[in-house]
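Report on the following structure.
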Amino acid sequence: MGCCRKTSRWEYPGRRSLLTAVIVICGALVTFLGETNAAAIPTSTLEFRHHSNEEIPDILASIHGRCPNITRIYTLRERSVRGLPLYVMEFSTTPGYHKIYRPEFKYIANMHGNEVLGRELLLHVASYLCERYLAGDHDMQKLINLTRIHLLPSMNPDGWQVSTDTGGTDYLIGRTNNNSVDLNRNFPDLDRIMFSNEEVHINHNNHLLEQVERLQEPIQPETKAVMRLIMQVPFVLSANLHGGDLVANYPYDASRSGATTEYTESPDDQTFRHLALAYATNHKNMANPKRRGCGDDGYNFGKQGGITNGAAWYSVQGGMQDFNYLSSNDFEITLELGCDKYPPASALQEEWENNRNALIQYMWQAHIGVKGRVRDAVSGQPLSNTVIHVKNVTAGRNDDILHDVTSVHDGDYWRLLTPGHYVITASRDGYHPLSHRVIVYDRPHEEAQRVDFHLQPLPQLMPSANGDSKSDTEYEEAYEETVRNNIVNNLRKKWLLNAYKHAITSN
Ligand SMILES: [Zn+2]
């Protein structure tokens with residue numbers, strides 16, 4: 001049955017007055033649309049079929065042509081092993097730029113080459129965002145006005161090709177990249193560093209890359225490309241799209257004890273459960289307790305609300321999800337989008353309908369909790385790299401959340417939190433720490449509430465002339481702390497270079 005395979009390349013609007021979108025629907029119904037009536041634009045003009053690696057840039061270019069003011073296409077610095085570019089489509093009102101107070105969000109799909117649904121879904125998300133924006137959909141316009149969204153439809157185009165060329169039916173063929181490396185085991189294992197820190201009571205609980213001393217295996221180009229993206233863009237929230245089951249999986253993915261299966265809570269367990277539920281409950285089936293499980297391993301995640309702690313399912317080291325959480329300010333979950341890793345083209349439309357609302361509602365979660373800006377109270381200068389620590393004081397609790405975030409470029413920060421009462425403390429070398437008590441409310445589809453900090457500088461610390469031992473000690477401590485922070489910052493930048501060199505020499 002070849003009728004649905006008929007393809008029309010999207011016309012690309014070089015001549016604006018003659019802009020037409022051509023849709024070929026099964027049965028050879030052909031519709032021509034002018035650009036006159038925005039409301040008549042269909043919700044998605046992208047076909048429901050599997051798109052090749054060569055078609056991805058064409059589709060993105062076509063969407064960019066429709067929505068040039070709110071989109072940008074870029075490629076990651078590294079290409080796949082076989083030399084294919086890794087394309088990202090960005091949606092924002094300031095394409096190419098981070099804007100103060102605006103959270104950054106990302107979806108990455110198809111990191112396992114034979115898990116292909118997420119790849120098609122992200123192409124549809126891109127098409128949908130553009131079309132709904134043009135159609136005057138207030139909710140979508142608001143989302144794009146308030147959020148910078150990055151979509152990477154395929155992190156592993158080489159694996160996709162292998163899987164597709166072999167019929168897309170094997171559970172494993174095409175999973176890895178072209179060097180036979182599973183990219184979701186190839187990130188530096190920061191979980192182990194975090195758990196070691198916990199054991200010896202080092203409270204260094206974020207941005208752990210600088211503690212990496214050696215790598216288990218060379219970092220693959222696809223991994224390196226995404227690591228660089230994570231280091232460069234101050235992401236707040238993301239998800240990583242897979243297939244093979246139907247569940248929203250949240251950190252930690254690696255078990256604390258090393259056991260194969262063991263619920264391994266992160267400091268943000270409550271927030272992560274909320275994030276996973278935000279996806280699962282907005283998906284048509286994921287949270288349905290009556291649906292059937294996927295495998296014969298006894299798991300039916302529908303019975304537990306469609307969510308699971310990663311390590312409680314099975315422990316994974318070197319995964320991308322936990323790497324995001326432990327190397328940056330980003331919170332990431334892993335979405336398993338269905339039992340079938342390579343669903344037939346005929347299933348794609350239904351899968352889009354199953355996932356559409358969940359994909360949109362999850363992006364809105366970048367606005368939960370609080371955000372703000374940190375500045376020097378005297379000079380007004382923005383203060384980046386300020387540590388934001390949170391204590392949950394809801395209903396008489398007094399619990400430190402042992403995962404700090406840091407302020408970025410212009411002193412802006414985001415702290416995802418579920419509704420409750422919190423004490424938020426900003427601290428930075430050379431300044432008096434400052435705490436604000438805040439109540440976080442459940443306000444769907446609204447910006448996070450703003451909690452700004454104006455930090456008072458400490459008096460300049462100088463070694464005392466009379467050799468007073470007390471002030472000498474104070475000076476030394478402050479000095480060491482400053483030096484350590486500088487080292488940490490430099491290492492953060494140097495680390496990728498070193499990882500590079502290592503990967504190149506050991507390949
Ligand atoms: Zn996978």
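By order of appearance in the structure tokens: chains A, B, ..., then residues from 1 within every chain, and ligands from 1 in the order shown.
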**OP:** Could you give me, as a ChimeraX atom specification, the residues within 8 Å of Asn206 in chain A, counting only C-alpha atoms and dropping anything in the same chain fewer than 2 positions from it?
**Re:** /A:204,208,325-329,403-405
Selection above as a file: C-alpha atoms, as a CSV table (one decimal), in the first residue's frame:
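As written to disk, part.csv reads:
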```csv
chain,number,residue,atom,x,y,z
A,204,HIS,CA,29.7,20.0,47.1
A,208,LEU,CA,30.5,18.3,39.7
A,325,TYR,CA,21.4,17.5,37.1
A,326,LEU,CA,24.8,17.0,38.5
A,327,SER,CA,26.9,19.1,36.0
A,328,SER,CA,24.6,22.1,35.6
A,329,ASN,CA,21.5,23.9,36.9
A,403,HIS,CA,21.3,20.6,45.6
A,404,ASP,CA,22.2,24.2,45.0
A,405,VAL,CA,21.9,26.1,41.8
```
Using only C-alpha atoms and all ligand atoms, tabulate the residues of chain A lying at most 8 Å from any atom of ligand 1, each with its closest atom pair and that distance in Å to one decimal, by chain and increasing residue number, as JSON lines.
```
{"residue": "A:Asn110", "atom": "CA", "partner": "ligand 1", "partner_atom_place_in_ligand_line": "1 (Zn)", "distance": 7.6}
{"residue": "A:Met111", "atom": "CA", "partner": "ligand 1", "partner_atom_place_in_ligand_line": "1 (Zn)", "distance": 6.8}
{"residue": "A:His112", "atom": "CA", "partner": "ligand 1", "partner_atom_place_in_ligand_line": "1 (Zn)", "distance": 4.9}
{"residue": "A:Glu115", "atom": "CA", "partner": "ligand 1", "partner_atom_place_in_ligand_line": "1 (Zn)", "distance": 6.2}
{"residue": "A:Arg175", "atom": "CA", "partner": "ligand 1", "partner_atom_place_in_ligand_line": "1 (Zn)", "distance": 7.5}
{"residue": "A:Asn184", "atom": "CA", "partner": "ligand 1", "partner_atom_place_in_ligand_line": "1 (Zn)", "distance": 7.4}
{"residue": "A:Leu241", "atom": "CA", "partner": "ligand 1", "partner_atom_place_in_ligand_line": "1 (Zn)", "distance": 7.4}
{"residue": "A:His242", "atom": "CA", "partner": "ligand 1", "partner_atom_place_in_ligand_line": "1 (Zn)", "distance": 4.3}
{"residue": "A:Gly243", "atom": "CA", "partner": "ligand 1", "partner_atom_place_in_ligand_line": "1 (Zn)", "distance": 5.7}
{"residue": "A:Gly244", "atom": "CA", "partner": "ligand 1", "partner_atom_place_in_ligand_line": "1 (Zn)", "distance": 7.1}
{"residue": "A:Glu336", "atom": "CA", "partner": "ligand 1", "partner_atom_place_in_ligand_line": "1 (Zn)", "distance": 7.4}
```
**OP:** Show which residues sit within 12 Å of range 379-387 of chain A, as JSON, numbers by chain. Count only C-alpha atoms, and ignore same-chain residues fewer than 5 positions away.
**Re:** {"A": [100, 204, 205, 206, 207, 234, 328, 329, 372, 373, 374, 402, 403, 404, 405, 406, 407, 408, 409, 410, 411, 412, 413, 414, 415, 424, 425, 426, 427, 428, 429, 430, 431, 432, 433, 434, 435, 452, 453, 454, 455, 456, 457, 485, 486, 488, 489]}
Could you turn the residues from that selection into a file that holds C-alpha atoms, as an mmCIF file, in the first residue's frame?
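This went into result_3.cif:
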```cif
data_model
loop_
_atom_site.group_PDB
_atom_site.id
_atom_site.type_symbol
_atom_site.label_atom_id
_atom_site.label_comp_id
_atom_site.auth_asym_id
_atom_site.auth_seq_id
_atom_site.Cartn_x
_atom_site.Cartn_y
_atom_site.Cartn_z
ATOM 1 C CA ILE A 100 17.428 37.712 31.447
ATOM 2 C CA HIS A 204 29.746 20.029 47.114
ATOM 3 C CA ASN A 205 26.477 19.026 45.501
ATOM 4 C CA ASN A 206 26.332 20.697 42.087
ATOM 5 C CA HIS A 207 28.450 21.412 39.001
ATOM 6 C CA PRO A 234 21.868 27.803 31.148
ATOM 7 C CA SER A 328 24.627 22.105 35.556
ATOM 8 C CA ASN A 329 21.531 23.873 36.854
ATOM 9 C CA GLY A 372 15.315 36.121 40.138
ATOM 10 C CA ARG A 373 18.426 38.134 39.810
ATOM 11 C CA VAL A 374 21.365 38.668 42.129
ATOM 12 C CA LEU A 402 21.149 19.551 49.244
ATOM 13 C CA HIS A 403 21.321 20.561 45.619
ATOM 14 C CA ASP A 404 22.211 24.184 45.026
ATOM 15 C CA VAL A 405 21.861 26.095 41.793
ATOM 16 C CA THR A 406 23.962 29.045 40.700
ATOM 17 C CA SER A 407 23.170 32.359 39.066
ATOM 18 C CA VAL A 408 24.236 32.734 35.433
ATOM 19 C CA HIS A 409 25.402 35.422 32.994
ATOM 20 C CA ASP A 410 23.456 38.443 34.192
ATOM 21 C CA GLY A 411 23.025 37.270 37.752
ATOM 22 C CA ASP A 412 19.761 35.550 36.870
ATOM 23 C CA TYR A 413 18.806 32.202 38.385
ATOM 24 C CA TRP A 414 15.895 29.707 38.393
ATOM 25 C CA ARG A 415 14.953 27.299 41.128
ATOM 26 C CA ILE A 424 16.070 30.811 49.853
ATOM 27 C CA THR A 425 19.616 31.952 50.538
ATOM 28 C CA ALA A 426 22.014 33.587 48.111
ATOM 29 C CA SER A 427 25.698 33.466 49.014
ATOM 30 C CA ARG A 428 28.774 34.548 47.210
ATOM 31 C CA ASP A 429 32.363 35.267 48.112
ATOM 32 C CA GLY A 430 32.925 38.801 49.299
ATOM 33 C CA TYR A 431 29.266 39.354 50.238
ATOM 34 C CA HIS A 432 27.019 38.894 53.224
ATOM 35 C CA PRO A 433 24.668 35.975 52.514
ATOM 36 C CA LEU A 434 21.035 36.995 52.254
ATOM 37 C CA SER A 435 17.894 34.911 52.833
ATOM 38 C CA ASP A 452 15.681 39.084 43.646
ATOM 39 C CA PHE A 453 18.721 39.485 45.890
ATOM 40 C CA HIS A 454 20.790 42.593 46.573
ATOM 41 C CA LEU A 455 23.924 41.439 48.341
ATOM 42 C CA GLN A 456 25.911 43.748 50.622
ATOM 43 C CA PRO A 457 29.646 43.552 49.919
ATOM 44 C CA ASN A 485 36.147 29.162 43.335
ATOM 45 C CA ASN A 486 38.442 30.525 40.677
ATOM 46 C CA VAL A 488 36.523 25.608 39.970
ATOM 47 C CA ASN A 489 35.474 28.136 37.352
#
```
Original post:
How far is it from CA of Asn179 in chain A to CA of Ile333 in chain A, in Å with one decimal?
Top reply: 25.8 Å
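Of the listed residues A:Ala345, A:Val370, A:Gly258, A:Ile63, the one whose atoms come nearest to Arg450 in chain A is A:Val370, with distances taken using only C-alpha atoms.
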